[in-house]
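Have a look at the structure below, then the notes.
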Amino acid sequence: MYMPKKVSLILTLIVILALVGGVWFWFAYIHTPASESPTTEESRGGFFSFFGNYFGGSGEPGTQTPTNETPEVLAPAFSFRERLTKERMLSLSDVPLSGTTFALMRKGTTTPALFDEQVRFVERETGHVVDLSITTGDTERISNTTIPGIQETIWGNGGNTVALRYLAEDSETIETFVGTLPTTTPVMNTDLVGTFFPQNITSLAMRPTNGEVFYVIKNQDGAAGRITNVAGTNTRTLFSSPLREWAALWTSPLITLTTKPSARATGSAHSLNPSTGALVRLTPNTSGLTVLMNTEQTRVLYTNTTPSTVSLFILNLTTQETWTVPLRTLPEKCVWRDETNLICAVPDNVPGNMPDIWYQGRVSLSDTLWAIDTETKLVDFLISPEEIIGEGVDAIGLSLSSDGTILSFINKKDLRGWIADVTSTNN
């Protein structure tokens, strides 16, 4: 029977499509092993997935993983604390710093309260305050207030109050700004709230556990020591002296006052009660005297320097026993870990006329880190920064984490900040 040409062509196309569909059905549903068969319509992709790669369906070409390949599994990254333990020292910042400390930041308003310990530091050129989490290694700027050229930073109240000291535009007048820092993260307001204190304060110390401030200022009779709050109100005179040069330090409930140290002059150190103003001699009078009292005010570290040597002593304030420490360094290069233990940066070589030439910047030291146990009278070498980072450090402004295992400090050579793992096998 004769069929029109057009009908014949249509039938031919139908046959071809039927054959193609049969072949596809065989391979997709019958020939596929049961263990590899899609179990749902969603996993099969539906009918239009057959053309999807070419006509805009949901399939994507070339995305199947060959069955003989195993996906790469990356090793978990080190936590920040693990990285510090592994590398022993890490840089805090590439810019010069004026001070470092440790502080606890509360994480939000969760109950019970969760806290994250921070290494807190001040950038010397801007006065910005930055936190680095010792848990995550993340940094956060907690103060954007710009105060250029910070020369000295003093911390109080667990690192939550700060005194920023710098020279005014005449390069002679000493300015002091005391501010309060946020205690909860994330930080919502990055302005440093505070007040300016009197000009030309010669020495300032802040109480470790609250917002009290003590400062020494010269007057026509010599010098006066005043105590106040962070707002600079309720100020009262606590101490008066005909001597004009005093250094104040507040590491315990008592304030420590020391005369200006020099290898060529005998100095004296006293404890000052912030409540009563009672002044008590603390150590023997020695040359080049500087001191560092522990938090419990039971032991004090002090020096006796001559034009040729430096000697370091521990005075037990309970028993009045004195121990000569078998290391040569300055209390300014030490920090108390607890009531009886210290971490000290010890120079490889201590020149004569200390601490004068060191204060004046005429000599640079190269330190190693040591642990000192004043109870057992043992010393324990910890690390050599030069062997780890390839350069010597002259450590100043030492501070310890709450568990005593992380040390922060500034390298006096270039004013960069560092943290070090000072875990000791003896502790």
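Numbering starts fresh at 1 for the residues of each chain in the structure tokens, the chains themselves are lettered A, B, ... in the order given, and ligands are numbered from 1 as they appear.
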Write down as a PyMOL selection string the residues of stretch 68-149 of chain A whose backbone DSSP state falls under strand (DSSP E or B). chain A and resi 89-91+97-107+115-123+129-133+139-143
Quick one: DSSP alpha helix (DSSP H) residues in stretch 255-427 of chain A, as a PDB file with C-alpha atoms, in the first residue's frame?
ATOM      1  CA  ASP A 356      71.670  53.513  83.949  1.00  0.00           C
ATOM      2  CA  ILE A 357      73.028  52.718  80.480  1.00  0.00           C
ATOM      3  CA  TRP A 358      70.097  50.368  79.771  1.00  0.00           C
ATOM      4  CA  TYR A 359      67.520  53.008  80.704  1.00  0.00           C
ATOM      5  CA  PRO A 385      64.246  33.468  71.729  1.00  0.00           C
ATOM      6  CA  GLU A 386      67.246  33.931  69.448  1.00  0.00           C
ATOM      7  CA  GLU A 387      67.334  30.208  68.625  1.00  0.00           C
ATOM      8  CA  ILE A 388      63.602  30.206  67.883  1.00  0.00           C
ATOM      9  CA  ILE A 389      63.058  33.422  65.907  1.00  0.00           C
TER      10      ILE A 389
END
Residue neighbourhood A:Asn229, 6 Å, only C-alpha atoms, exclusion window fewer than 3 positions, as a compact mmCIF listing (two decimals) with N, CA, C and O atoms, in the first residue's frame:
# COMPACT_ATOMS: atom_id res chain seq x y z
N GLY A 211 39.73 49.90 89.98
CA GLY A 211 40.04 51.06 89.16
C GLY A 211 40.80 52.17 89.87
O GLY A 211 40.84 53.29 89.35
N GLU A 212 41.42 51.90 91.00
CA GLU A 212 42.17 52.95 91.70
C GLU A 212 43.48 53.27 90.97
O GLU A 212 44.13 52.39 90.40
N VAL A 213 43.85 54.55 91.05
CA VAL A 213 45.06 55.03 90.39
C VAL A 213 45.90 55.79 91.42
O VAL A 213 45.37 56.60 92.19
N GLY A 232 39.43 60.38 87.90
CA GLY A 232 40.23 61.48 88.43
C GLY A 232 39.53 62.28 89.50
O GLY A 232 39.95 63.39 89.83
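Considering only C-alpha atoms, the residue among A:Ser384, A:Val335, A:Val310, A:Thr184 positioned nearest to A:Ser262 is A:Val310.
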Nearby residues (only C-alpha atoms) at most 12 Å from A:Asn160, same-chain spacing under 5 positions excluded, as a ChimeraX atom specification: /A:100-106,118-121,129,131,142-143,154-155,178-184,192-193,206-212,230
If I take atom CA of A:Ile419 and atom CA of A:Glu140, how far is one from the other in Å, to one decimal? 16.8 Å
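Those residues that approach A:Val325 to within 10 Å, counting only C-alpha atoms, are Leu301, Thr303, Ser311, Leu312, Phe313, Ile314, Thr322, Arg328, Thr329, Ile372, Asp373, Thr374, Lys377, Leu378 and Val379 of chain A; same-chain residues fewer than 3 positions away are not listed.
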Can those selected residues be exported to a file as a PDB file, in the first residue's frame so that it contains N, CA and C atoms?
ATOM      1  N   LEU A 301      61.505  40.742  94.999  1.00  0.00           N
ATOM      2  CA  LEU A 301      62.725  40.592  94.204  1.00  0.00           C
ATOM      3  C   LEU A 301      63.405  41.956  94.130  1.00  0.00           C
ATOM      4  N   THR A 303      67.491  44.210  93.501  1.00  0.00           N
ATOM      5  CA  THR A 303      68.852  44.157  92.963  1.00  0.00           C
ATOM      6  C   THR A 303      69.804  45.016  93.783  1.00  0.00           C
ATOM      7  N   SER A 311      73.672  42.026  91.109  1.00  0.00           N
ATOM      8  CA  SER A 311      73.294  40.897  91.948  1.00  0.00           C
ATOM      9  C   SER A 311      71.794  40.936  92.184  1.00  0.00           C
ATOM     10  N   LEU A 312      71.181  39.749  92.198  1.00  0.00           N
ATOM     11  CA  LEU A 312      69.732  39.636  92.306  1.00  0.00           C
ATOM     12  C   LEU A 312      69.388  38.853  93.575  1.00  0.00           C
ATOM     13  N   PHE A 313      68.393  39.367  94.346  1.00  0.00           N
ATOM     14  CA  PHE A 313      68.050  38.765  95.632  1.00  0.00           C
ATOM     15  C   PHE A 313      66.538  38.568  95.753  1.00  0.00           C
ATOM     16  N   ILE A 314      66.170  37.588  96.560  1.00  0.00           N
ATOM     17  CA  ILE A 314      64.782  37.385  96.979  1.00  0.00           C
ATOM     18  C   ILE A 314      64.734  37.578  98.491  1.00  0.00           C
ATOM     19  N   THR A 322      67.003  36.104 103.167  1.00  0.00           N
ATOM     20  CA  THR A 322      67.421  36.611 101.854  1.00  0.00           C
ATOM     21  C   THR A 322      68.147  35.512 101.098  1.00  0.00           C
ATOM     22  N   ARG A 328      71.726  36.748  86.786  1.00  0.00           N
ATOM     23  CA  ARG A 328      71.922  38.199  86.809  1.00  0.00           C
ATOM     24  C   ARG A 328      70.948  38.858  85.838  1.00  0.00           C
ATOM     25  N   THR A 329      70.001  39.556  86.403  1.00  0.00           N
ATOM     26  CA  THR A 329      69.051  40.318  85.592  1.00  0.00           C
ATOM     27  C   THR A 329      68.457  41.410  86.464  1.00  0.00           C
ATOM     28  N   ILE A 372      62.155  30.671  87.943  1.00  0.00           N
ATOM     29  CA  ILE A 372      62.833  30.705  89.234  1.00  0.00           C
ATOM     30  C   ILE A 372      61.842  30.286  90.310  1.00  0.00           C
ATOM     31  N   ASP A 373      62.185  29.245  91.062  1.00  0.00           N
ATOM     32  CA  ASP A 373      61.370  28.788  92.183  1.00  0.00           C
ATOM     33  C   ASP A 373      62.029  29.284  93.467  1.00  0.00           C
ATOM     34  N   THR A 374      61.424  30.273  94.122  1.00  0.00           N
ATOM     35  CA  THR A 374      62.029  30.859  95.312  1.00  0.00           C
ATOM     36  C   THR A 374      61.838  30.001  96.555  1.00  0.00           C
ATOM     37  N   LYS A 377      64.469  27.062  95.593  1.00  0.00           N
ATOM     38  CA  LYS A 377      65.724  27.702  95.178  1.00  0.00           C
ATOM     39  C   LYS A 377      66.335  27.015  93.951  1.00  0.00           C
ATOM     40  N   LEU A 378      65.459  26.629  93.027  1.00  0.00           N
ATOM     41  CA  LEU A 378      65.890  26.037  91.769  1.00  0.00           C
ATOM     42  C   LEU A 378      65.593  27.002  90.625  1.00  0.00           C
ATOM     43  N   VAL A 379      66.448  26.979  89.606  1.00  0.00           N
ATOM     44  CA  VAL A 379      66.209  27.753  88.392  1.00  0.00           C
ATOM     45  C   VAL A 379      66.124  26.789  87.224  1.00  0.00           C
TER      46      VAL A 379
END
Within 10 Å of stretch 254-260 of chain A using only C-alpha atoms, minus same-chain residues under 6 positions, as a compact mmCIF listing (two decimals) with all heavy atoms, in the first residue's frame:
# COMPACT_ATOMS: atom_id res chain seq x y z
N SER A 203 55.34 59.51 87.71
CA SER A 203 55.18 58.06 87.81
C SER A 203 53.73 57.75 88.14
O SER A 203 53.08 58.49 88.90
CB SER A 203 56.10 57.49 88.89
OG SER A 203 56.01 56.07 88.94
N ALA A 205 50.83 54.32 88.78
CA ALA A 205 50.56 52.89 88.96
C ALA A 205 49.07 52.70 89.14
O ALA A 205 48.38 53.56 89.69
CB ALA A 205 51.33 52.35 90.17
N MET A 206 48.57 51.54 88.70
CA MET A 206 47.15 51.24 88.80
C MET A 206 46.96 49.95 89.58
O MET A 206 47.72 48.98 89.40
CB MET A 206 46.53 51.12 87.40
CG MET A 206 46.79 52.34 86.54
SD MET A 206 45.97 52.25 84.92
CE MET A 206 44.30 52.70 85.38
N ARG A 207 45.94 49.94 90.43
CA ARG A 207 45.68 48.76 91.25
C ARG A 207 45.29 47.59 90.36
O ARG A 207 44.46 47.73 89.46
CB ARG A 207 44.58 49.04 92.26
CG ARG A 207 44.43 47.96 93.32
CD ARG A 207 43.63 48.45 94.50
NE ARG A 207 43.70 47.52 95.62
CZ ARG A 207 43.51 47.86 96.88
NH1 ARG A 207 43.24 49.11 97.18
NH2 ARG A 207 43.57 46.95 97.84
N PHE A 214 47.21 55.53 91.43
CA PHE A 214 48.15 56.27 92.26
C PHE A 214 49.17 56.94 91.35
O PHE A 214 49.68 56.32 90.42
CB PHE A 214 48.87 55.34 93.25
CG PHE A 214 49.94 56.01 94.05
CD1 PHE A 214 49.63 56.74 95.19
CD2 PHE A 214 51.27 55.92 93.67
CE1 PHE A 214 50.61 57.38 95.94
CE2 PHE A 214 52.27 56.55 94.41
CZ PHE A 214 51.93 57.27 95.55
N VAL A 216 52.51 60.09 91.16
CA VAL A 216 53.46 60.99 91.81
C VAL A 216 53.63 62.21 90.92
O VAL A 216 53.84 62.09 89.71
CB VAL A 216 54.81 60.30 92.05
CG1 VAL A 216 55.79 61.27 92.71
CG2 VAL A 216 54.65 59.05 92.90
N GLY A 225 52.36 62.10 96.41
CA GLY A 225 51.71 60.92 95.85
C GLY A 225 50.22 60.99 96.12
O GLY A 225 49.79 61.13 97.27
N LEU A 243 62.11 64.36 98.39
CA LEU A 243 62.72 63.81 97.18
C LEU A 243 61.72 63.90 96.03
O LEU A 243 60.54 63.62 96.19
CB LEU A 243 63.14 62.36 97.41
CG LEU A 243 64.17 62.10 98.51
CD1 LEU A 243 64.43 60.60 98.65
CD2 LEU A 243 65.46 62.85 98.22
N ARG A 244 62.21 64.24 94.86
CA ARG A 244 61.31 64.50 93.73
C ARG A 244 61.16 63.32 92.79
O ARG A 244 60.20 63.26 92.01
CB ARG A 244 61.81 65.73 92.94
CG ARG A 244 61.85 67.00 93.78
CD ARG A 244 62.60 68.12 93.05
NE ARG A 244 61.90 68.56 91.87
CZ ARG A 244 60.96 69.51 91.87
NH1 ARG A 244 60.59 70.09 93.01
NH2 ARG A 244 60.38 69.89 90.76
N GLU A 245 62.11 62.37 92.80
CA GLU A 245 62.10 61.28 91.84
C GLU A 245 61.74 59.96 92.52
O GLU A 245 62.54 59.39 93.27
CB GLU A 245 63.48 61.16 91.17
CG GLU A 245 63.92 62.40 90.41
CD GLU A 245 63.11 62.64 89.15
OE1 GLU A 245 62.39 61.71 88.71
OE2 GLU A 245 63.18 63.75 88.60
N TRP A 246 60.51 59.49 92.25
CA TRP A 246 60.04 58.22 92.78
C TRP A 246 59.41 57.40 91.67
O TRP A 246 58.74 57.94 90.79
CB TRP A 246 59.00 58.43 93.88
CG TRP A 246 59.54 59.01 95.15
CD1 TRP A 246 59.62 60.35 95.47
CD2 TRP A 246 60.08 58.30 96.25
NE1 TRP A 246 60.17 60.51 96.72
CE2 TRP A 246 60.46 59.26 97.22
CE3 TRP A 246 60.27 56.94 96.54
CZ2 TRP A 246 61.03 58.90 98.44
CZ3 TRP A 246 60.82 56.59 97.76
CH2 TRP A 246 61.20 57.56 98.69
N ALA A 247 59.63 56.08 91.73
CA ALA A 247 58.98 55.15 90.79
C ALA A 247 57.95 54.35 91.57
O ALA A 247 58.25 53.79 92.63
CB ALA A 247 60.01 54.22 90.16
N ALA A 248 56.72 54.31 91.04
CA ALA A 248 55.62 53.61 91.72
C ALA A 248 55.26 52.34 90.96
O ALA A 248 55.25 52.32 89.72
CB ALA A 248 54.41 54.52 91.83
N THR A 266 72.83 55.11 96.20
CA THR A 266 72.11 54.17 97.06
C THR A 266 70.62 54.49 97.01
O THR A 266 70.22 55.65 97.19
CB THR A 266 72.62 54.25 98.51
OG1 THR A 266 74.00 53.91 98.53
CG2 THR A 266 71.85 53.29 99.40
N GLY A 267 69.83 53.46 96.76
CA GLY A 267 68.40 53.66 96.67
C GLY A 267 67.65 53.02 97.81
O GLY A 267 68.18 52.17 98.53
N SER A 268 66.40 53.44 97.99
CA SER A 268 65.56 52.86 99.03
C SER A 268 64.21 52.48 98.45
O SER A 268 63.74 53.09 97.48
CB SER A 268 65.37 53.84 100.19
OG SER A 268 64.69 55.01 99.75
N ALA A 269 63.60 51.46 99.04
CA ALA A 269 62.29 50.98 98.59
C ALA A 269 61.37 50.87 99.80
O ALA A 269 61.78 50.43 100.88
CB ALA A 269 62.40 49.64 97.89
N HIS A 270 60.11 51.28 99.60
CA HIS A 270 59.13 51.26 100.67
C HIS A 270 57.81 50.70 100.15
O HIS A 270 57.50 50.81 98.96
CB HIS A 270 58.88 52.67 101.23
CG HIS A 270 60.09 53.33 101.79
ND1 HIS A 270 61.07 53.91 100.99
CD2 HIS A 270 60.50 53.51 103.08
CE1 HIS A 270 62.03 54.42 101.75
NE2 HIS A 270 61.69 54.20 103.02
N SER A 271 57.04 50.11 101.06
CA SER A 271 55.66 49.76 100.74
C SER A 271 54.76 50.85 101.30
O SER A 271 55.00 51.38 102.39
CB SER A 271 55.29 48.40 101.34
OG SER A 271 55.36 48.43 102.76
N LEU A 272 53.72 51.19 100.54
CA LEU A 272 52.80 52.26 100.91
C LEU A 272 51.40 51.69 100.98
O LEU A 272 50.90 51.12 100.00
CB LEU A 272 52.88 53.38 99.87
CG LEU A 272 51.93 54.57 100.06
CD1 LEU A 272 52.26 55.33 101.34
CD2 LEU A 272 51.99 55.49 98.84
N ASN A 273 50.76 51.82 102.13
CA ASN A 273 49.40 51.33 102.30
C ASN A 273 48.43 52.33 101.68
O ASN A 273 48.38 53.49 102.10
CB ASN A 273 49.09 51.16 103.79
CG ASN A 273 47.78 50.44 104.02
OD1 ASN A 273 46.75 50.80 103.46
ND2 ASN A 273 47.81 49.43 104.88
N PRO A 274 47.65 51.92 100.66
CA PRO A 274 46.77 52.86 99.96
C PRO A 274 45.59 53.34 100.82
O PRO A 274 44.94 54.32 100.47
CB PRO A 274 46.28 52.08 98.75
CG PRO A 274 46.40 50.65 99.15
CD PRO A 274 47.57 50.57 100.06
N SER A 275 45.32 52.65 101.92
CA SER A 275 44.20 53.04 102.78
C SER A 275 44.63 54.01 103.86
O SER A 275 43.95 55.01 104.14
CB SER A 275 43.57 51.80 103.43
OG SER A 275 43.07 50.92 102.44
N GLY A 277 48.10 55.24 104.21
CA GLY A 277 49.26 56.06 103.90
C GLY A 277 50.50 55.64 104.66
O GLY A 277 51.55 56.32 104.57
N ALA A 278 50.43 54.53 105.39
CA ALA A 278 51.58 54.06 106.16
C ALA A 278 52.71 53.66 105.22
O ALA A 278 52.50 52.93 104.24
CB ALA A 278 51.18 52.88 107.05
N LEU A 279 53.92 54.14 105.54
CA LEU A 279 55.10 53.89 104.71
C LEU A 279 56.07 53.01 105.49
O LEU A 279 56.47 53.37 106.61
CB LEU A 279 55.74 55.22 104.33
CG LEU A 279 56.71 55.23 103.15
CD1 LEU A 279 55.99 54.93 101.85
CD2 LEU A 279 57.41 56.59 103.06
N VAL A 280 56.44 51.86 104.93
CA VAL A 280 57.31 50.90 105.61
C VAL A 280 58.48 50.56 104.71
O VAL A 280 58.29 50.27 103.52
CB VAL A 280 56.54 49.62 105.99
CG1 VAL A 280 57.47 48.61 106.66
CG2 VAL A 280 55.37 49.94 106.91
N ARG A 281 59.72 50.58 105.29
CA ARG A 281 60.88 50.20 104.51
C ARG A 281 60.75 48.75 104.07
O ARG A 281 60.41 47.87 104.86
CB ARG A 281 62.17 50.39 105.31
CG ARG A 281 63.44 50.11 104.50
CD ARG A 281 64.68 50.35 105.34
NE ARG A 281 64.77 51.73 105.79
CZ ARG A 281 65.24 52.74 105.05
NH1 ARG A 281 65.66 52.49 103.82
NH2 ARG A 281 65.29 53.95 105.54
N LEU A 282 61.05 48.49 102.81
CA LEU A 282 60.77 47.19 102.22
C LEU A 282 62.02 46.32 102.11
O LEU A 282 62.00 45.13 102.43
CB LEU A 282 60.15 47.37 100.83
CG LEU A 282 59.50 46.17 100.17
CD1 LEU A 282 58.39 45.60 101.04
CD2 LEU A 282 58.94 46.57 98.80
N GLY A 288 71.60 51.09 92.76
CA GLY A 288 70.85 50.67 91.58
C GLY A 288 69.60 49.89 91.93
O GLY A 288 69.19 48.99 91.18
N LEU A 289 68.96 50.20 93.05
CA LEU A 289 67.87 49.39 93.58
C LEU A 289 66.60 49.52 92.76
O LEU A 289 66.08 50.61 92.55
CB LEU A 289 67.59 49.80 95.02
CG LEU A 289 66.40 49.12 95.71
CD1 LEU A 289 66.67 47.62 95.89
CD2 LEU A 289 66.11 49.78 97.06
N THR A 290 66.08 48.39 92.28
CA THR A 290 64.71 48.28 91.76
C THR A 290 64.10 47.03 92.36
O THR A 290 64.82 46.09 92.74
CB THR A 290 64.66 48.21 90.22
OG1 THR A 290 65.41 47.08 89.78
CG2 THR A 290 65.21 49.47 89.59
N VAL A 291 62.76 46.99 92.47
CA VAL A 291 62.11 45.91 93.19
C VAL A 291 60.88 45.41 92.43
O VAL A 291 60.34 46.10 91.56
CB VAL A 291 61.67 46.35 94.61
CG1 VAL A 291 62.87 46.82 95.42
CG2 VAL A 291 60.61 47.43 94.53
N LEU A 292 60.44 44.19 92.79
CA LEU A 292 59.21 43.62 92.25
C LEU A 292 58.59 42.73 93.34
O LEU A 292 59.10 41.67 93.65
CB LEU A 292 59.48 42.80 90.99
CG LEU A 292 58.25 42.20 90.30
CD1 LEU A 292 57.36 43.29 89.74
CD2 LEU A 292 58.67 41.23 89.20
N MET A 293 57.46 43.20 93.91
CA MET A 293 56.79 42.45 94.97
C MET A 293 55.77 41.49 94.36
O MET A 293 55.15 41.80 93.35
CB MET A 293 56.09 43.41 95.93
CG MET A 293 55.50 42.71 97.17
SD MET A 293 54.51 43.83 98.20
CE MET A 293 55.79 44.88 98.88
N THR A 295 52.17 39.20 94.37
CA THR A 295 50.79 39.60 94.61
C THR A 295 50.39 39.44 96.07
O THR A 295 49.64 40.26 96.61
CB THR A 295 49.84 38.76 93.73
OG1 THR A 295 50.21 38.95 92.36
CG2 THR A 295 48.40 39.18 93.91
N GLU A 296 50.92 38.41 96.72
CA GLU A 296 50.56 38.14 98.11
C GLU A 296 51.35 38.96 99.10
O GLU A 296 51.19 38.81 100.31
CB GLU A 296 50.76 36.65 98.39
CG GLU A 296 49.83 35.72 97.61
CD GLU A 296 50.24 35.54 96.16
OE1 GLU A 296 51.38 35.95 95.80
OE2 GLU A 296 49.45 35.01 95.37
N GLN A 297 52.24 39.82 98.60
CA GLN A 297 53.14 40.66 99.39
C GLN A 297 53.90 39.88 100.46
O GLN A 297 54.07 40.34 101.59
CB GLN A 297 52.42 41.87 99.98
CG GLN A 297 51.26 41.61 100.89
CD GLN A 297 50.39 42.84 101.10
OE1 GLN A 297 49.94 43.48 100.15
NE2 GLN A 297 50.13 43.18 102.35
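If only C-alpha atoms are the atoms counted, then among A:Leu90, A:Val130, A:Thr176, A:Phe80 the closest residue to A:Glu152 is A:Thr176.
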